[in-house]
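**Student:** Right, I'll just put the structure down here and ask away after.
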Amino acid sequence: MIDNELLSILVCPEDKTPVTLADDALVARINDSIDQGALKNRKGDTVDERIDAGLLRLDGAYLYPIRDDIPIMLIDEAIPTAQV
């Protein structure tokens with residue numbers, strides 16, 4: 001999983017607010033939506049690859065996926081949490 005030291009320095013690339021590790025329930029809901037083909041990222045592309053974890057922006061509006069222990073901190077790849 002993601003190192004606590006790395007987590008302490010990561011911020012949202014858009015608004016520079018801190019991010020926190022998403023809870024298991026949110027990750028499960030996101031993966032269910034991915035499995036159903038119903039989830040889109042900020043760019044509008046359908047997300048078709050499940051996530052291992054996620055980093056939630058301070059306001060909770062967006063989640064940055066973590067796959068293979070690598071946080072994907074790209075604005076276009078963020079998942080709007082209002083979908084789940």
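Convention: chains lettered A, B, ... in structure tokens order; per-chain residue numbering from 1; ligands numbered from 1 as shown.
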As a VMD selection string, please: every residue in chain A that a backbone DSSP assignment puts in strand (DSSP E).

**Tutor:** chain A and resid 19 to 21 53 to 57 62 to 67 70 to 71 79 to 80

**Student:** Restrict the selected residues to N, CA and C atoms and save them as a compact mmCIF listing (two decimals), in the first residue's frame.

**Tutor:**
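So the final result, stored in result_19.txt, reads:
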# COMPACT_ATOMS: atom_id res chain seq x y z
N VAL A 19 -4.82 15.13 0.32
CA VAL A 19 -5.61 13.95 -0.02
C VAL A 19 -5.46 12.93 1.09
N THR A 20 -6.48 12.11 1.27
CA THR A 20 -6.45 11.06 2.27
C THR A 20 -6.79 9.74 1.60
N LEU A 21 -6.40 8.66 2.22
CA LEU A 21 -6.69 7.34 1.71
C LEU A 21 -8.19 7.07 1.84
N ALA A 53 -6.92 1.02 -4.54
CA ALA A 53 -7.20 1.97 -3.47
C ALA A 53 -7.42 3.33 -4.14
N GLY A 54 -7.58 4.36 -3.33
CA GLY A 54 -7.76 5.68 -3.90
C GLY A 54 -7.40 6.77 -2.91
N LEU A 55 -7.07 7.93 -3.47
CA LEU A 55 -6.77 9.11 -2.66
C LEU A 55 -7.90 10.10 -2.85
N LEU A 56 -8.55 10.43 -1.77
CA LEU A 56 -9.71 11.29 -1.79
C LEU A 56 -9.31 12.73 -1.51
N ARG A 57 -9.75 13.63 -2.38
CA ARG A 57 -9.46 15.05 -2.19
C ARG A 57 -10.17 15.54 -0.92
N TYR A 62 -13.46 14.37 -5.55
CA TYR A 62 -12.73 13.56 -6.52
C TYR A 62 -11.82 12.56 -5.81
N LEU A 63 -11.67 11.41 -6.46
CA LEU A 63 -10.78 10.37 -5.98
C LEU A 63 -9.75 10.10 -7.06
N TYR A 64 -8.49 10.07 -6.66
CA TYR A 64 -7.40 9.72 -7.56
C TYR A 64 -7.10 8.24 -7.36
N PRO A 65 -7.20 7.45 -8.42
CA PRO A 65 -7.04 5.99 -8.27
C PRO A 65 -5.60 5.60 -7.94
N ILE A 66 -5.49 4.48 -7.24
CA ILE A 66 -4.19 3.85 -6.99
C ILE A 66 -4.27 2.47 -7.61
N ARG A 67 -3.33 2.20 -8.51
CA ARG A 67 -3.24 0.88 -9.15
C ARG A 67 -1.80 0.40 -9.04
N ILE A 70 0.64 2.55 -7.23
CA ILE A 70 1.04 3.82 -7.85
C ILE A 70 -0.16 4.76 -7.88
N PRO A 71 -0.08 5.90 -7.18
CA PRO A 71 -1.18 6.87 -7.25
C PRO A 71 -1.17 7.57 -8.61
N ILE A 79 -11.67 10.52 -10.45
CA ILE A 79 -13.03 9.98 -10.52
C ILE A 79 -13.94 10.86 -9.67
N PRO A 80 -14.95 11.50 -10.29
CA PRO A 80 -15.91 12.27 -9.51
C PRO A 80 -16.72 11.33 -8.59

**Student:** Tell me which of A:Asp52, A:Glu77, A:Asp59, A:Asp15 sits closest to Val27 of chain A, counting only C-alpha atoms.

**Tutor:**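 Closest to Val27 of chain A, using only C-alpha atoms: A:Asp52.
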
**Student:** Using only C-alpha atoms, which of the listed residues (A:Ile75, A:Ala22, A:Leu6, A:Ile34) sits closest to Val47 of chain A?

**Tutor:**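 Under the stated criterion, the closest residue is A:Ile34.
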
**Student:** Taking only C-alpha atoms into account, which of A:Asp48, A:Glu5, A:Asp76, A:Asp68 comes nearest Ile30 of chain A?

**Tutor:**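 For Ile30 of chain A, the nearest of the given residues is A:Asp48.
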
**Student:** Just checking: using only C-alpha atoms, which residue out of A:Gly44, A:Pro18, A:Pro13, A:Gly60 ends up closest to Val84 of chain A?

**Tutor:** A:Gly60

**Student:** Report the distance between atom CA of Lys16 of chain A and atom CA of Ala38 of chain A in Å, rounded to one decimal place.

**Tutor:**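 Going from atom CA of Lys16 of chain A over to atom CA of Ala38 of chain A covers 28.2 Å.
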
**Student:** For Ala82 of chain A, which residue among A:Asp45, A:Glu14, A:Ala61, A:Ala25 is the nearest when counting only C-alpha atoms?

**Tutor:**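 Of A:Asp45, A:Glu14, A:Ala61, A:Ala25, the one nearest Ala82 of chain A is A:Ala61, counting only C-alpha atoms.
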
**Student:** I'd like to know which residues of chain A are helix (DSSP H, G or I) (by DSSP, run on the backbone); could you write them as a PyMOL selection string?

**Tutor:** chain A and resi 4-9+24-35+75-77+81-83
